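> The structure's right below; bear with me while I get my questions together.
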Amino acid sequence: MSKTLGFEEPVVKLREKIDELKEIANNADVDMSDEIETLESRLQQLESKIYSNMEPWDRVQVARHPSRPTTLDYVQELFTDFIELHGDRYYGDDEAIVGGIAFFEGQPITIIGHQRGKTTKENIRRNFGMPHPEGYRKALRLMKQAEKFNRPIICFIDTKGAYPGKAAEERGQSEAIAKNLFEMAGLKVPVISVVIGEGGSGGALALGVANKLYMLENSTYSVISPEGAASILWKDASLAKQAAEAMKITAGDLKLMDIIDDIIPEVAGGAHRDVLAQSKSLKKFLGLALDELSTLSERELIENRYDKFRKIGEYIELED
C-alpha cells in the first residue's frame, strides 16, 4: 500500500468512506448508488483542490515518496533494448548512477540517471541515490561515448546530493563533479535532463548541464536540502518547511526564473500513482525536445547550452 502523506489525509479518509459504502451495498444488497455518486463527486473536487494548491513542503514530500518512479522505472516504460553499462575505468562501478544505451522510438540514445532503491536493502546497495566520484566518472565516460557515436543523451536527476563521506572526498568528489560540468558544456550532441524527484546540489547539477532541462511537477531542484538550509540559517532542521518556502525550489518557481525550460505535469497525487500515465506524459516532452535539438549543428548545440546558462540570474548596474 502506498504511503499516505500528511496533506493527503482528507482525500484518503473520504476514499475509505466510499469503499466502506460500496462494501455495505454489496453485502446487504442495498442500493446506495446516489450516496456513492455524491461522495465520488466530492472526492474529485477535494482532490482537485488539494493537489492544485500544494505548498512547497508538500511537493518536497511527494518528491521523496518511497514509491516514486526511479530512473529504471522510466527506462522500462520509455525505451527498448536497454543495455546497462558499468564502471568508470578508473576505480569501479557505482550503482547510485545507472547508464547505458537503448532506443527511443527507434533512435539510439544514451541514458544516464541517479538510481535510488525502494526497499532498505536496495537503498543500501544504491547508497540512497547519492553517487561517489566513480558514479560521475562513469556518467562522463558514457557521455563521451555518446558523443563519439553521435547519440543524444537523456539524463534523469534524482538525488539528495553527491555522497559527502570521507571515501568520496579522498577519491576526488568535487573534481569529478566539476569535470562533468566542464565537459557537458562542450558536448557536441543534444543533452536533455529531467528532474524526476529530488535534484540536490552539485550531485544533481553534474547531470544537469543540458540543452533542455525539465522538471516533473512535484520534483525539487536546489543547492541544498530544506533541512540543511534550515540548519545553516536558523540552527534548527525542524524549520525545513519554512526553508522550502523561502528557497524557491519547486518546478513552478524555477520556471518563473527561467532556470528550467518547462514543467512536465504529473498525475493527480504524484507520479507514483500511475507510472504508465506519467511515462506517457514524459515521453511527449522527450520526443519534442529531440525533434527540436536534432535540427541544430554541433556548434549551435554548444552555443545553445552556453546561452541557456548565461541567462540565469538577473542584475542591474547602477551609475555612480
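Ligands are numbered from 1 in the order shown, residues from 1 within each chain, and chains are lettered A, B, ... in the order they appear in the C-alpha cells.
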Leu213 in chain A: which residues within 10 Å, counting only C-alpha atoms, same-chain residues fewer than 2 positions away excluded, as a PDB file with C-alpha atoms, in the first residue's frame?

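And here is the file that came out, out10.pdb:
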```pdb
ATOM      1  CA  CYS A 155      19.697  12.264 -18.048  1.00  0.00           C
ATOM      2  CA  VAL A 191      21.577  16.722 -23.986  1.00  0.00           C
ATOM      3  CA  ILE A 192      18.195  16.560 -22.231  1.00  0.00           C
ATOM      4  CA  SER A 193      17.909  16.385 -18.442  1.00  0.00           C
ATOM      5  CA  VAL A 194      14.772  15.728 -16.405  1.00  0.00           C
ATOM      6  CA  VAL A 195      14.468  16.163 -12.641  1.00  0.00           C
ATOM      7  CA  GLY A 208      22.103  18.931 -15.431  1.00  0.00           C
ATOM      8  CA  VAL A 209      24.173  20.948 -17.917  1.00  0.00           C
ATOM      9  CA  ALA A 210      21.731  20.326 -20.730  1.00  0.00           C
ATOM     10  CA  ASN A 211      20.194  21.939 -23.790  1.00  0.00           C
ATOM     11  CA  MET A 215      11.181  19.079 -14.041  1.00  0.00           C
ATOM     12  CA  ILE A 259      16.152  28.140 -14.780  1.00  0.00           C
ATOM     13  CA  ILE A 260      14.228  25.244 -16.322  1.00  0.00           C
ATOM     14  CA  ASP A 261      12.661  25.018 -19.780  1.00  0.00           C
ATOM     15  CA  ASP A 262       9.317  23.510 -18.856  1.00  0.00           C
ATOM     16  CA  ILE A 263       7.263  21.630 -16.263  1.00  0.00           C
ATOM     17  CA  ALA A 289      12.889  18.074 -27.382  1.00  0.00           C
ATOM     18  CA  LYS A 308      20.961  28.965 -21.615  1.00  0.00           C
TER      19      LYS A 308
END
```
> Just list as a ChimeraX atom specification whatever in range 65-204 of chain A DSSP marks as alpha helix (DSSP H).
/A:71-78,120-125,133-148,166-170,173-185,201-204
> Could the residues in this selection be saved with C-alpha atoms as a JSON list (two decimals), in the first residue's frame?

```
[["chain", "number", "residue", "atom", "x", "y", "z"],
["A", 71, "THR", "CA", 15.27, 6.11, -13.46],
["A", 72, "LEU", "CA", 14.98, 2.38, -14.16],
["A", 73, "ASP", "CA", 11.17, 2.55, -13.90],
["A", 74, "TYR", "CA", 11.12, 5.14, -16.67],
["A", 75, "VAL", "CA", 13.71, 3.25, -18.70],
["A", 76, "GLN", "CA", 11.41, 0.23, -18.68],
["A", 77, "GLU", "CA", 8.43, 2.25, -19.90],
["A", 78, "LEU", "CA", 10.06, 4.68, -22.33],
["A", 120, "THR", "CA", 16.04, -0.77, 2.67],
["A", 121, "LYS", "CA", 18.26, -3.43, 1.10],
["A", 122, "GLU", "CA", 18.17, -1.81, -2.32],
["A", 123, "ASN", "CA", 18.72, 1.68, -0.88],
["A", 124, "ILE", "CA", 21.87, 0.47, 0.86],
["A", 125, "ARG", "CA", 23.04, -1.12, -2.38],
["A", 133, "PRO", "CA", 33.13, 10.06, -7.70],
["A", 134, "GLU", "CA", 33.22, 6.87, -9.75],
["A", 135, "GLY", "CA", 29.50, 7.33, -10.45],
["A", 136, "TYR", "CA", 30.08, 10.71, -12.05],
["A", 137, "ARG", "CA", 33.12, 9.42, -13.90],
["A", 138, "LYS", "CA", 31.02, 6.56, -15.26],
["A", 139, "ALA", "CA", 28.42, 9.11, -16.37],
["A", 140, "LEU", "CA", 31.08, 11.17, -18.13],
["A", 141, "ARG", "CA", 32.54, 8.09, -19.83],
["A", 142, "LEU", "CA", 29.10, 7.29, -21.25],
["A", 143, "MET", "CA", 28.59, 10.89, -22.34],
["A", 144, "LYS", "CA", 31.86, 10.93, -24.26],
["A", 145, "GLN", "CA", 30.96, 7.58, -25.79],
["A", 146, "ALA", "CA", 27.60, 9.04, -26.87],
["A", 147, "GLU", "CA", 29.41, 11.98, -28.45],
["A", 148, "LYS", "CA", 31.75, 9.64, -30.34],
["A", 166, "LYS", "CA", 35.39, 10.64, 3.62],
["A", 167, "ALA", "CA", 35.98, 7.96, 0.98],
["A", 168, "ALA", "CA", 34.25, 10.03, -1.69],
["A", 169, "GLU", "CA", 36.35, 13.07, -0.83],
["A", 170, "GLU", "CA", 39.53, 11.01, -0.91],
["A", 173, "GLN", "CA", 34.31, 14.01, -5.39],
["A", 174, "SER", "CA", 34.44, 17.73, -6.15],
["A", 175, "GLU", "CA", 36.84, 17.26, -9.06],
["A", 176, "ALA", "CA", 34.61, 14.59, -10.60],
["A", 177, "ILE", "CA", 31.55, 16.86, -10.42],
["A", 178, "ALA", "CA", 33.47, 19.89, -11.73],
["A", 179, "LYS", "CA", 34.81, 17.91, -14.67],
["A", 180, "ASN", "CA", 31.29, 16.78, -15.57],
["A", 181, "LEU", "CA", 30.11, 20.40, -15.59],
["A", 182, "PHE", "CA", 33.02, 21.41, -17.82],
["A", 183, "GLU", "CA", 32.72, 18.51, -20.25],
["A", 184, "MET", "CA", 28.92, 18.61, -20.52],
["A", 185, "ALA", "CA", 29.07, 22.26, -21.52],
["A", 201, "SER", "CA", 23.20, 20.41, -5.04],
["A", 202, "GLY", "CA", 26.19, 19.65, -7.27],
["A", 203, "GLY", "CA", 25.25, 16.00, -7.21],
["A", 204, "ALA", "CA", 22.27, 16.89, -9.39]]
```
> Hey, can you check how far CA of Gly113 in chain A sits from CA of Phe156 in chain A?
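Separation of CA of Gly113 in chain A and CA of Phe156 in chain A: 4.3 Å.
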> Do you know which residues are at most 12 Å from range 248-255 of chain A counting only C-alpha atoms, after dropping those on the same chain fewer than 4 positions away, and could you put them as an MDAnalysis selection string?
chainID A and resid 52:63 194:201 213:226 229 241:244 259:266 312:313
> For the residues in the current selection, export C-alpha atoms as a PDB file, in the first residue's frame.

```pdb
ATOM      1  CA  SER A  52      -3.716  22.068  -7.309  1.00  0.00           C
ATOM      2  CA  ASN A  53      -2.817  24.095  -4.205  1.00  0.00           C
ATOM      3  CA  MET A  54       0.149  22.196  -2.820  1.00  0.00           C
ATOM      4  CA  GLU A  55       2.663  24.063  -0.665  1.00  0.00           C
ATOM      5  CA  PRO A  56       6.416  23.759  -1.409  1.00  0.00           C
ATOM      6  CA  TRP A  57       6.871  21.391   1.544  1.00  0.00           C
ATOM      7  CA  ASP A  58       4.053  19.191   0.227  1.00  0.00           C
ATOM      8  CA  ARG A  59       5.902  18.869  -3.067  1.00  0.00           C
ATOM      9  CA  VAL A  60       9.119  18.019  -1.225  1.00  0.00           C
ATOM     10  CA  GLN A  61       7.268  15.140   0.442  1.00  0.00           C
ATOM     11  CA  VAL A  62       5.901  13.897  -2.886  1.00  0.00           C
ATOM     12  CA  ALA A  63       9.366  14.136  -4.474  1.00  0.00           C
ATOM     13  CA  VAL A 194      14.772  15.728 -16.405  1.00  0.00           C
ATOM     14  CA  VAL A 195      14.468  16.163 -12.641  1.00  0.00           C
ATOM     15  CA  ILE A 196      12.204  13.248 -11.674  1.00  0.00           C
ATOM     16  CA  GLY A 197      12.462  13.529  -7.879  1.00  0.00           C
ATOM     17  CA  GLU A 198      14.935  15.467  -5.791  1.00  0.00           C
ATOM     18  CA  GLY A 199      17.600  17.499  -7.531  1.00  0.00           C
ATOM     19  CA  GLY A 200      20.093  18.233  -4.794  1.00  0.00           C
ATOM     20  CA  SER A 201      23.197  20.414  -5.040  1.00  0.00           C
ATOM     21  CA  LEU A 213      16.101  20.940 -18.604  1.00  0.00           C
ATOM     22  CA  TYR A 214      12.687  19.769 -17.453  1.00  0.00           C
ATOM     23  CA  MET A 215      11.181  19.079 -14.041  1.00  0.00           C
ATOM     24  CA  LEU A 216       8.294  16.857 -13.110  1.00  0.00           C
ATOM     25  CA  GLU A 217       5.600  18.956 -11.456  1.00  0.00           C
ATOM     26  CA  ASN A 218       6.298  17.664  -7.945  1.00  0.00           C
ATOM     27  CA  SER A 219      10.076  17.474  -8.127  1.00  0.00           C
ATOM     28  CA  THR A 220      12.545  19.870  -6.475  1.00  0.00           C
ATOM     29  CA  TYR A 221      15.852  21.388  -7.590  1.00  0.00           C
ATOM     30  CA  SER A 222      18.084  23.246  -5.151  1.00  0.00           C
ATOM     31  CA  VAL A 223      21.622  23.872  -3.910  1.00  0.00           C
ATOM     32  CA  ILE A 224      20.833  22.242  -0.564  1.00  0.00           C
ATOM     33  CA  SER A 225      18.022  20.336   1.127  1.00  0.00           C
ATOM     34  CA  PRO A 226      15.431  22.310   3.123  1.00  0.00           C
ATOM     35  CA  ALA A 229      19.304  25.199   4.753  1.00  0.00           C
ATOM     36  CA  LYS A 241       9.066  23.673   5.879  1.00  0.00           C
ATOM     37  CA  GLN A 242       9.795  27.393   6.161  1.00  0.00           C
ATOM     38  CA  ALA A 243      13.105  26.902   4.359  1.00  0.00           C
ATOM     39  CA  ALA A 244      11.386  25.104   1.470  1.00  0.00           C
ATOM     40  CA  ILE A 259      16.152  28.140 -14.780  1.00  0.00           C
ATOM     41  CA  ILE A 260      14.228  25.244 -16.322  1.00  0.00           C
ATOM     42  CA  ASP A 261      12.661  25.018 -19.780  1.00  0.00           C
ATOM     43  CA  ASP A 262       9.317  23.510 -18.856  1.00  0.00           C
ATOM     44  CA  ILE A 263       7.263  21.630 -16.263  1.00  0.00           C
ATOM     45  CA  ILE A 264       6.043  18.120 -17.008  1.00  0.00           C
ATOM     46  CA  PRO A 265       2.571  17.698 -15.434  1.00  0.00           C
ATOM     47  CA  GLU A 266       2.085  14.822 -13.019  1.00  0.00           C
ATOM     48  CA  ILE A 312      20.385  32.509 -15.430  1.00  0.00           C
ATOM     49  CA  GLY A 313      20.298  35.245 -12.817  1.00  0.00           C
TER      50      GLY A 313
END
```
> Write down as a count of residues only the residues belonging to range 99-187 of chain A that are assigned strand (DSSP E or B) by DSSP computed on the backbone.
21
> Tell me which protein, DNA and RNA residues are within 12 Å of Pro10 in chain A, counting only C-alpha atoms, leaving out same-chain ones fewer than 3 positions away, and put them as a list in words.
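Near Pro10 in chain A, the qualifying residues are Thr4, Leu5, Gly6, Phe7, Lys13, Leu14, Arg15, Glu16, Lys17, Arg42, Leu43, Gln44, Gln45, Leu46, Glu47, Lys49, Ile50 and Tyr51 of chain A.
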> Could the residues in this selection be written to a file with all heavy atoms, as a compact mmCIF listing (two decimals), in the first residue's frame?

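See again_22.txt below for the written result:
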```
# COMPACT_ATOMS: atom_id res chain seq x y z
N THR A 4 0.81 7.27 2.79
CA THR A 4 -0.03 8.45 2.77
C THR A 4 0.72 9.63 3.38
O THR A 4 1.26 9.54 4.48
CB THR A 4 -1.33 8.21 3.58
OG1 THR A 4 -2.04 7.12 3.01
CG2 THR A 4 -2.21 9.45 3.56
N LEU A 5 0.74 10.74 2.66
CA LEU A 5 1.38 11.94 3.15
C LEU A 5 0.38 12.77 3.94
O LEU A 5 -0.83 12.68 3.73
CB LEU A 5 1.94 12.75 1.97
CG LEU A 5 2.92 11.99 1.09
CD1 LEU A 5 3.32 12.83 -0.12
CD2 LEU A 5 4.16 11.58 1.87
N GLY A 6 0.89 13.60 4.85
CA GLY A 6 0.04 14.33 5.77
C GLY A 6 -1.05 15.15 5.11
O GLY A 6 -2.22 15.10 5.52
N PHE A 7 -0.72 15.88 4.06
CA PHE A 7 -1.71 16.75 3.43
C PHE A 7 -2.77 15.98 2.65
O PHE A 7 -3.79 16.54 2.23
CB PHE A 7 -1.01 17.76 2.51
CG PHE A 7 -0.42 17.17 1.27
CD1 PHE A 7 -1.13 17.14 0.08
CD2 PHE A 7 0.86 16.63 1.28
CE1 PHE A 7 -0.58 16.60 -1.07
CE2 PHE A 7 1.42 16.09 0.13
CZ PHE A 7 0.69 16.07 -1.05
N LYS A 13 -9.30 9.62 3.73
CA LYS A 13 -10.47 9.32 4.59
C LYS A 13 -11.75 9.27 3.77
O LYS A 13 -12.60 8.40 3.99
CB LYS A 13 -10.58 10.36 5.69
CG LYS A 13 -9.49 10.24 6.76
CD LYS A 13 -9.65 11.29 7.84
CE LYS A 13 -8.57 11.13 8.91
NZ LYS A 13 -8.68 12.15 9.98
N LEU A 14 -11.91 10.19 2.83
CA LEU A 14 -13.11 10.19 2.00
C LEU A 14 -13.12 8.98 1.08
O LEU A 14 -14.18 8.36 0.87
CB LEU A 14 -13.18 11.48 1.19
CG LEU A 14 -14.45 11.70 0.35
CD1 LEU A 14 -15.71 11.54 1.21
CD2 LEU A 14 -14.42 13.07 -0.33
N ARG A 15 -11.95 8.61 0.56
CA ARG A 15 -11.88 7.43 -0.29
C ARG A 15 -12.23 6.17 0.50
O ARG A 15 -12.91 5.26 -0.01
CB ARG A 15 -10.47 7.32 -0.90
CG ARG A 15 -10.36 6.29 -2.01
CD ARG A 15 -8.99 6.26 -2.62
NE ARG A 15 -8.73 7.42 -3.46
CZ ARG A 15 -7.72 8.25 -3.29
NH1 ARG A 15 -6.86 8.05 -2.31
NH2 ARG A 15 -7.55 9.28 -4.10
N GLU A 16 -11.78 6.10 1.74
CA GLU A 16 -12.12 4.96 2.60
C GLU A 16 -13.61 4.90 2.87
O GLU A 16 -14.21 3.81 2.93
CB GLU A 16 -11.34 5.06 3.91
CG GLU A 16 -9.84 4.80 3.77
CD GLU A 16 -9.08 5.03 5.06
OE1 GLU A 16 -9.69 5.59 6.01
OE2 GLU A 16 -7.89 4.64 5.13
N LYS A 17 -14.23 6.07 3.05
CA LYS A 17 -15.68 6.11 3.28
C LYS A 17 -16.43 5.59 2.07
O LYS A 17 -17.42 4.83 2.21
CB LYS A 17 -16.09 7.56 3.58
CG LYS A 17 -17.57 7.75 3.89
CD LYS A 17 -17.96 7.06 5.19
CE LYS A 17 -19.41 7.36 5.53
NZ LYS A 17 -19.84 6.64 6.78
N ARG A 42 -17.66 14.59 -4.65
CA ARG A 42 -16.98 15.38 -3.63
C ARG A 42 -15.49 15.03 -3.58
O ARG A 42 -14.64 15.90 -3.38
CB ARG A 42 -17.60 15.13 -2.25
CG ARG A 42 -17.12 16.10 -1.17
CD ARG A 42 -17.67 15.73 0.19
NE ARG A 42 -19.14 15.71 0.18
CZ ARG A 42 -19.86 15.25 1.21
NH1 ARG A 42 -19.26 14.77 2.29
NH2 ARG A 42 -21.18 15.27 1.14
N LEU A 43 -15.17 13.75 -3.80
CA LEU A 43 -13.77 13.31 -3.80
C LEU A 43 -13.01 13.98 -4.94
O LEU A 43 -11.88 14.44 -4.75
CB LEU A 43 -13.70 11.79 -3.93
CG LEU A 43 -12.29 11.19 -4.05
CD1 LEU A 43 -11.49 11.46 -2.78
CD2 LEU A 43 -12.36 9.68 -4.30
N GLN A 44 -13.60 14.04 -6.12
CA GLN A 44 -12.95 14.69 -7.26
C GLN A 44 -12.67 16.16 -6.98
O GLN A 44 -11.60 16.68 -7.28
CB GLN A 44 -13.83 14.56 -8.51
CG GLN A 44 -13.89 13.14 -9.07
CD GLN A 44 -14.74 13.06 -10.32
OE1 GLN A 44 -15.51 13.97 -10.62
NE2 GLN A 44 -14.61 11.97 -11.06
N GLN A 45 -13.65 16.82 -6.36
CA GLN A 45 -13.48 18.24 -6.02
C GLN A 45 -12.37 18.42 -4.99
O GLN A 45 -11.56 19.35 -5.08
CB GLN A 45 -14.80 18.81 -5.50
CG GLN A 45 -15.92 18.85 -6.53
CD GLN A 45 -17.25 19.28 -5.93
OE1 GLN A 45 -17.35 19.60 -4.75
NE2 GLN A 45 -18.29 19.27 -6.75
N LEU A 46 -12.35 17.53 -4.00
CA LEU A 46 -11.35 17.62 -2.94
C LEU A 46 -9.95 17.36 -3.48
O LEU A 46 -9.00 18.07 -3.14
CB LEU A 46 -11.68 16.62 -1.82
CG LEU A 46 -10.79 16.66 -0.57
CD1 LEU A 46 -10.88 18.02 0.11
CD2 LEU A 46 -11.20 15.56 0.40
N GLU A 47 -9.82 16.35 -4.34
CA GLU A 47 -8.52 16.06 -4.94
C GLU A 47 -8.03 17.23 -5.78
O GLU A 47 -6.86 17.62 -5.72
CB GLU A 47 -8.62 14.80 -5.81
CG GLU A 47 -8.67 13.51 -5.03
CD GLU A 47 -8.69 12.29 -5.92
OE1 GLU A 47 -9.25 12.38 -7.03
OE2 GLU A 47 -8.15 11.24 -5.53
N LYS A 49 -8.81 20.36 -5.42
CA LYS A 49 -8.47 21.47 -4.52
C LYS A 49 -7.12 21.26 -3.86
O LYS A 49 -6.27 22.16 -3.81
CB LYS A 49 -9.56 21.64 -3.46
CG LYS A 49 -9.29 22.76 -2.47
CD LYS A 49 -10.40 22.85 -1.44
CE LYS A 49 -10.11 23.96 -0.42
NZ LYS A 49 -11.18 24.03 0.61
N ILE A 50 -6.90 20.05 -3.34
CA ILE A 50 -5.66 19.77 -2.60
C ILE A 50 -4.45 19.70 -3.52
O ILE A 50 -3.42 20.33 -3.27
CB ILE A 50 -5.81 18.46 -1.80
CG1 ILE A 50 -6.75 18.68 -0.61
CG2 ILE A 50 -4.44 17.97 -1.30
CD1 ILE A 50 -7.02 17.44 0.22
N TYR A 51 -4.57 18.96 -4.61
CA TYR A 51 -3.41 18.74 -5.47
C TYR A 51 -3.08 19.93 -6.37
O TYR A 51 -1.98 19.99 -6.93
CB TYR A 51 -3.60 17.48 -6.30
CG TYR A 51 -3.62 16.22 -5.46
CD1 TYR A 51 -4.65 15.28 -5.59
CD2 TYR A 51 -2.63 15.98 -4.51
CE1 TYR A 51 -4.67 14.13 -4.81
CE2 TYR A 51 -2.65 14.84 -3.73
CZ TYR A 51 -3.67 13.92 -3.88
OH TYR A 51 -3.69 12.78 -3.10
```
> Return the single residue from A:Arg273, A:Lys160, A:Lys280, A:Lys188 that is closest to Ser297 in chain A, with distances computed using only C-alpha atoms.
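With only C-alpha atoms as the atom set, the closest residue is A:Lys188.
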